[in-house]
$ cat structure15.txt   # compact mmCIF, C-alpha atoms
# COMPACT_ATOMS: atom_id res chain seq x y z
CA GLU A 1 37.73 71.92 10.95
CA THR A 2 41.23 70.66 11.65
CA GLY A 3 44.25 72.56 10.34
CA VAL A 4 45.03 70.95 6.98
CA THR A 5 42.46 68.71 5.32
CA GLN A 6 43.14 66.48 2.33
CA THR A 7 40.65 64.64 0.17
CA PRO A 8 40.27 61.93 -0.83
CA ARG A 9 42.14 59.91 1.77
CA HIS A 10 42.56 56.99 -0.62
CA LEU A 11 42.58 56.89 -4.41
CA VAL A 12 43.00 53.99 -6.80
CA MET A 13 43.30 54.87 -10.45
CA GLY A 14 44.36 53.40 -13.71
CA MET A 15 47.26 54.74 -15.69
CA THR A 16 44.98 56.48 -18.19
CA ASN A 17 42.65 58.13 -15.69
CA LYS A 18 42.53 61.78 -14.69
CA LYS A 19 41.92 62.66 -11.06
CA SER A 20 42.60 65.51 -8.66
CA LEU A 21 43.76 65.72 -5.08
CA LYS A 22 42.45 68.52 -2.90
CA CYS A 23 43.99 70.28 0.07
CA GLU A 24 42.41 72.95 2.26
CA GLN A 25 44.02 74.73 5.18
CA HIS A 26 42.17 76.55 7.96
CA LEU A 27 45.23 78.09 9.62
CA GLY A 28 45.35 81.42 7.81
CA HIS A 29 48.65 80.47 6.22
CA ASN A 30 49.98 81.90 2.99
CA ALA A 31 52.29 79.16 1.76
CA MET A 32 51.25 75.67 0.69
CA TYR A 33 53.28 72.66 -0.35
CA TRP A 34 52.91 69.27 -2.03
CA TYR A 35 55.16 66.41 -0.91
CA LYS A 36 55.47 62.79 -2.03
CA GLN A 37 56.18 60.20 0.64
CA SER A 38 57.35 56.75 -0.46
CA ALA A 39 58.37 53.86 1.75
CA LYS A 40 61.91 54.05 3.11
CA LYS A 41 62.56 57.38 1.34
CA PRO A 42 62.62 60.92 2.65
CA LEU A 43 59.75 63.25 1.91
CA GLU A 44 60.18 64.69 -1.58
CA LEU A 45 59.15 68.30 -2.06
CA MET A 46 57.15 68.66 -5.28
CA PHE A 47 55.67 72.16 -5.41
CA VAL A 48 55.56 75.32 -3.33
CA TYR A 49 53.01 78.12 -3.56
CA ASN A 50 53.42 81.41 -1.73
CA PHE A 51 50.48 83.83 -1.82
CA LYS A 52 49.01 81.76 -4.69
CA GLU A 53 52.16 82.04 -6.80
CA GLN A 54 54.21 78.96 -7.59
CA THR A 55 57.72 79.49 -6.28
CA GLU A 56 59.12 75.99 -6.52
CA ASN A 57 58.76 73.11 -8.95
CA ASN A 58 61.18 70.45 -7.90
CA SER A 59 61.65 68.85 -11.34
CA VAL A 60 58.30 67.14 -11.12
CA PRO A 61 57.03 65.32 -14.26
CA SER A 62 54.33 67.16 -16.17
CA ARG A 63 51.81 64.40 -15.44
CA PHE A 64 51.47 66.19 -12.08
CA SER A 65 49.86 69.61 -12.43
CA PRO A 66 49.32 71.82 -9.37
CA GLU A 67 46.73 74.55 -8.98
CA CYS A 68 46.38 77.12 -6.22
CA PRO A 69 43.26 79.27 -6.67
CA ASN A 70 43.71 81.01 -3.30
CA SER A 71 45.87 80.81 -0.19
CA SER A 72 43.55 78.28 1.44
CA HIS A 73 43.20 75.74 -1.34
CA LEU A 74 45.66 73.63 -3.29
CA PHE A 75 45.00 70.99 -5.90
CA LEU A 76 47.15 68.38 -7.58
CA HIS A 77 45.80 67.26 -10.93
CA LEU A 78 46.92 63.83 -12.04
CA HIS A 79 46.91 62.28 -15.52
CA THR A 80 48.55 59.29 -17.18
CA LEU A 81 50.40 58.35 -14.03
CA GLN A 82 52.90 55.52 -13.76
CA PRO A 83 53.02 52.67 -11.21
CA GLU A 84 56.03 54.31 -9.53
CA ASP A 85 53.79 57.27 -8.70
CA SER A 86 51.99 55.15 -6.11
CA ALA A 87 52.74 56.85 -2.79
CA LEU A 88 51.32 59.00 0.00
CA TYR A 89 50.85 62.58 -1.19
CA LEU A 90 51.03 65.11 1.60
CA CYS A 91 49.94 68.71 1.61
CA ALA A 92 51.47 71.17 4.07
CA SER A 93 51.08 74.83 4.88
CA SER A 94 53.10 77.45 6.71
CA GLN A 95 52.60 81.06 7.71
CA ALA A 96 54.69 82.21 4.77
CA GLU A 97 57.42 80.93 2.57
CA GLY A 98 60.66 80.74 4.48
CA VAL A 99 62.35 78.53 6.98
CA SER A 100 61.55 80.53 10.08
CA GLN A 101 58.08 79.04 9.89
CA PRO A 102 57.47 75.33 10.46
CA GLN A 103 55.16 73.43 8.16
CA HIS A 104 51.91 71.80 9.21
CA PHE A 105 50.82 68.68 7.34
CA GLY A 106 47.54 67.09 6.36
CA ASP A 107 46.96 63.34 6.67
CA GLY A 108 47.67 62.72 3.01
CA THR A 109 46.09 60.93 0.09
CA ARG A 110 47.21 57.33 -0.37
CA LEU A 111 47.45 56.92 -4.15
CA SER A 112 47.63 53.55 -5.87
CA ILE A 113 48.20 53.28 -9.61
CA LEU A 114 47.02 50.07 -11.22
CA GLN B 1 76.03 61.56 0.34
CA LYS B 2 72.51 62.18 1.56
CA GLU B 3 71.74 65.56 3.05
CA VAL B 4 70.19 63.95 6.11
CA GLU B 5 70.85 60.51 7.54
CA GLN B 6 68.46 58.84 9.95
CA ASP B 7 68.51 55.26 11.20
CA PRO B 8 65.20 53.72 10.11
CA GLY B 9 65.11 51.30 13.03
CA PRO B 10 62.81 49.73 13.96
CA LEU B 11 63.39 50.64 17.57
CA SER B 12 61.53 48.76 20.28
CA VAL B 13 61.66 49.81 23.94
CA PRO B 14 59.72 48.94 27.13
CA GLU B 15 57.28 51.45 28.55
CA GLY B 16 59.00 54.00 30.77
CA ALA B 17 62.34 53.84 28.96
CA ILE B 18 64.24 56.85 27.73
CA VAL B 19 64.31 56.93 23.94
CA SER B 20 67.04 58.60 21.92
CA LEU B 21 66.44 59.34 18.24
CA ASN B 22 69.16 60.86 16.11
CA CYS B 23 69.94 62.40 12.75
CA THR B 24 73.18 63.48 11.16
CA TYR B 25 73.55 65.91 8.31
CA SER B 26 76.18 67.12 5.91
CA ASN B 27 75.21 70.72 5.14
CA SER B 28 76.79 73.09 7.65
CA ALA B 29 74.38 75.83 6.49
CA PHE B 30 71.41 74.13 8.16
CA GLN B 31 70.19 76.23 11.05
CA TYR B 32 66.53 75.29 11.49
CA PHE B 33 65.76 71.84 12.87
CA MET B 34 62.47 70.07 13.35
CA TRP B 35 61.15 66.80 14.65
CA TYR B 36 57.85 65.39 13.42
CA ARG B 37 55.87 62.43 14.70
CA GLN B 38 53.86 60.41 12.19
CA TYR B 39 51.31 57.87 13.29
CA SER B 40 50.23 55.14 10.90
CA ARG B 41 47.81 56.48 8.25
CA LYS B 42 48.31 60.06 9.45
CA GLY B 43 50.36 63.02 8.34
CA PRO B 44 53.50 64.24 10.13
CA GLU B 45 52.78 66.26 13.25
CA LEU B 46 55.26 68.91 14.35
CA LEU B 47 56.79 68.04 17.73
CA MET B 48 59.80 70.31 18.15
CA TYR B 49 61.24 73.27 16.29
CA THR B 50 64.64 74.68 17.13
CA TYR B 51 67.00 77.25 15.74
CA SER B 52 70.78 76.85 15.74
CA SER B 53 72.45 74.90 18.52
CA GLY B 54 71.29 74.07 22.02
CA ASN B 55 68.49 72.28 23.79
CA LYS B 56 64.75 72.73 23.82
CA GLU B 57 62.42 70.96 26.20
CA ASP B 58 58.68 70.41 25.93
CA GLY B 59 57.16 68.09 28.48
CA ARG B 60 58.69 64.64 28.05
CA PHE B 61 60.47 65.67 24.84
CA THR B 62 63.90 67.27 24.56
CA ALA B 63 65.51 68.30 21.29
CA GLN B 64 69.27 68.80 21.08
CA VAL B 65 71.27 70.32 18.28
CA ASP B 66 75.04 70.05 18.00
CA LYS B 67 76.04 72.03 14.94
CA SER B 68 79.73 71.38 15.44
CA SER B 69 79.10 67.66 15.04
CA LYS B 70 76.19 68.09 12.58
CA TYR B 71 74.06 65.94 14.84
CA ILE B 72 70.58 66.37 16.25
CA SER B 73 68.73 64.28 18.79
CA LEU B 74 65.25 63.87 20.20
CA PHE B 75 64.92 62.39 23.66
CA ILE B 76 61.64 60.99 24.95
CA ARG B 77 61.46 60.46 28.72
CA ASP B 78 59.08 58.03 30.38
CA SER B 79 58.05 56.64 27.01
CA GLN B 80 54.44 55.57 26.58
CA PRO B 81 52.74 53.15 24.17
CA SER B 82 51.11 56.23 22.61
CA ASP B 83 54.61 57.36 21.56
CA SER B 84 54.72 54.44 19.11
CA ALA B 85 55.08 56.12 15.73
CA THR B 86 57.60 57.06 13.08
CA TYR B 87 59.75 60.07 13.96
CA LEU B 88 61.05 62.28 11.17
CA CYS B 89 63.80 64.83 11.48
CA ALA B 90 63.86 67.79 9.11
CA MET B 91 66.19 70.70 8.62
CA SER B 92 66.80 73.70 6.45
CA ALA B 93 69.22 76.51 5.76
CA THR B 94 67.40 79.28 3.90
CA GLY B 95 64.65 79.31 1.30
CA ASN B 96 61.88 76.79 0.85
CA GLN B 97 63.78 73.57 0.85
CA PHE B 98 63.34 71.36 3.89
CA TYR B 99 65.41 68.18 4.00
CA PHE B 100 63.83 65.23 5.74
CA GLY B 101 65.26 62.04 7.15
CA THR B 102 63.69 58.73 6.20
CA GLY B 103 62.15 58.36 9.65
CA THR B 104 62.75 56.06 12.62
CA SER B 105 60.00 53.60 13.54
CA LEU B 106 59.51 53.40 17.31
CA THR B 107 57.43 50.88 19.25
CA VAL B 108 56.92 51.27 22.99
CA ILE B 109 55.92 47.97 24.54
CA PRO B 110 53.50 48.10 27.52

$ encode --input "structure15.txt" --output "structure tokens"
Amino acid sequence: ETGVTQTPRHLVMGMTNKKSLKCEQHLGHNAMYWYKQSAKKPLELMFVYNFKEQTENNSVPSRFSPECPNSSHLFLHLHTLQPEDSALYLCASSQAEGVSQPQHFGDGTRLSIL
Amino acid sequence: QKEVEQDPGPLSVPEGAIVSLNCTYSNSAFQYFMWYRQYSRKGPELLMYTYSSGNKEDGRFTAQVDKSSKYISLFIRDSQPSDSATYLCAMSATGNQFYFGTGTSLTVIP
């Protein structure tokens, strides 16, 4: 298994649907992150989990709900999304929370909201 | 003012050229600097990670940090078509927040 795996790779959903994105890391890391990547914009940090505890919520709308059952798995639950939420959602992990450790990214889930 | 500024390009160079990619930043507290490479339909891949000022070399890649000018660079020597990708700079001071540039799109023409 490669380092950080995200599923599904592509997701198309209507504005009233509920879906979940999954991230799994096989690096033995303790911190996990969700980012949003939109065209021509910098990566936007959404959530940070360190040892399963949420340590950062970067003013993300409540229609995005993260879950971290253990240090290897991270979910992003989606409901009643808006068209502007269409983007690439990236999961990352690092050894532990803190800048002395670089982040390793998955390949992302390309989300399209109809 | 954005925390990190990066020219989006696109940048197109012939194979074998030396490529220079740059970012400027405004926060003098930044001390950790990273370069990521992102291929189409893939996630960012960590290329270089440096602390404070100075140079770091890894094969054909050299990262430079000039904290006095708030300027970082990534040099690619003997560029190859396989280097065609988007290059993201990222930096941080302390805590969890990493600040990313918008990325520079590079095409190396055979």

$ residues_around --input "structure15.txt" --residues "A:Leu78" --least-positions-apart "4" --cutoff "9 Å" --atoms "only C-alpha atoms" --output "MDAnalysis selection string"
chainID A and resid 17:21 63:66

$ interface_residues --input "structure15.txt" --of "chain B" --to "chain A" --cutoff "12 Å" --atoms "all atoms listed in the file" --output "ChimeraX atom specification"
/B:2-10,30-52,86-105

$ closest_residue --input "structure15.txt" --among "B:Gly59, B:Phe75, B:Ala85, B:Gln80" --to "B:Glu15" --atoms "all atoms listed in the file"
B:Gln80

$ closest_residue --input "structure15.txt" --among "B:Phe61, B:Lys70, B:Ser84, B:Leu106" --to "B:Thr24" --atoms "only C-alpha atoms"
B:Lys70

$ atom_distance --input "structure15.txt" --atom1 "atom CA of A:Asn57" --atom2 "atom CA of A:Cys23"
17.5 Å

$ atom_distance --input "structure15.txt" --atom1 "atom CA of B:Pro110" --atom2 "atom CA of B:Pro81"
6.1 Å

$ closest_residue --input "structure15.txt" --among "A:Ile113, A:Val12, A:Leu74, A:Met46" --to "A:Val60" --atoms "all atoms listed in the file"
A:Met46

$ residues_around --input "structure15.txt" --residues "A:Gly28" --least-positions-apart "3" --cutoff "9 Å" --atoms "only C-alpha atoms" --output "JSON list (two decimals) with C-alpha atoms, in the coordinates of the input"
[["chain", "number", "residue", "atom", "x", "y", "z"],
["A", 25, "GLN", "CA", 44.02, 74.73, 5.18],
["A", 71, "SER", "CA", 45.87, 80.81, -0.19],
["A", 72, "SER", "CA", 43.55, 78.28, 1.44],
["A", 94, "SER", "CA", 53.10, 77.45, 6.71],
["A", 95, "GLN", "CA", 52.60, 81.06, 7.71]]

$ atom_distance --input "structure15.txt" --atom1 "atom CA of A:Leu76" --atom2 "atom CA of A:Thr5"
13.7 Å

$ axis_aligned_box --input "structure15.txt" --around "stretch 10-14 of chain A" --padding-each-side "5 Å" --output "AutoDock Vina command-line options"
--center_x 43.5 --center_y 55.2 --center_z -7.2 --size_x 11.8 --size_y 13.6 --size_z 23.1

$ closest_residue --input "structure15.txt" --among "A:Ser93, A:Ser112, A:Gln82, A:Gln54" --to "A:Pro69" --atoms "all atoms listed in the file"
A:Gln54
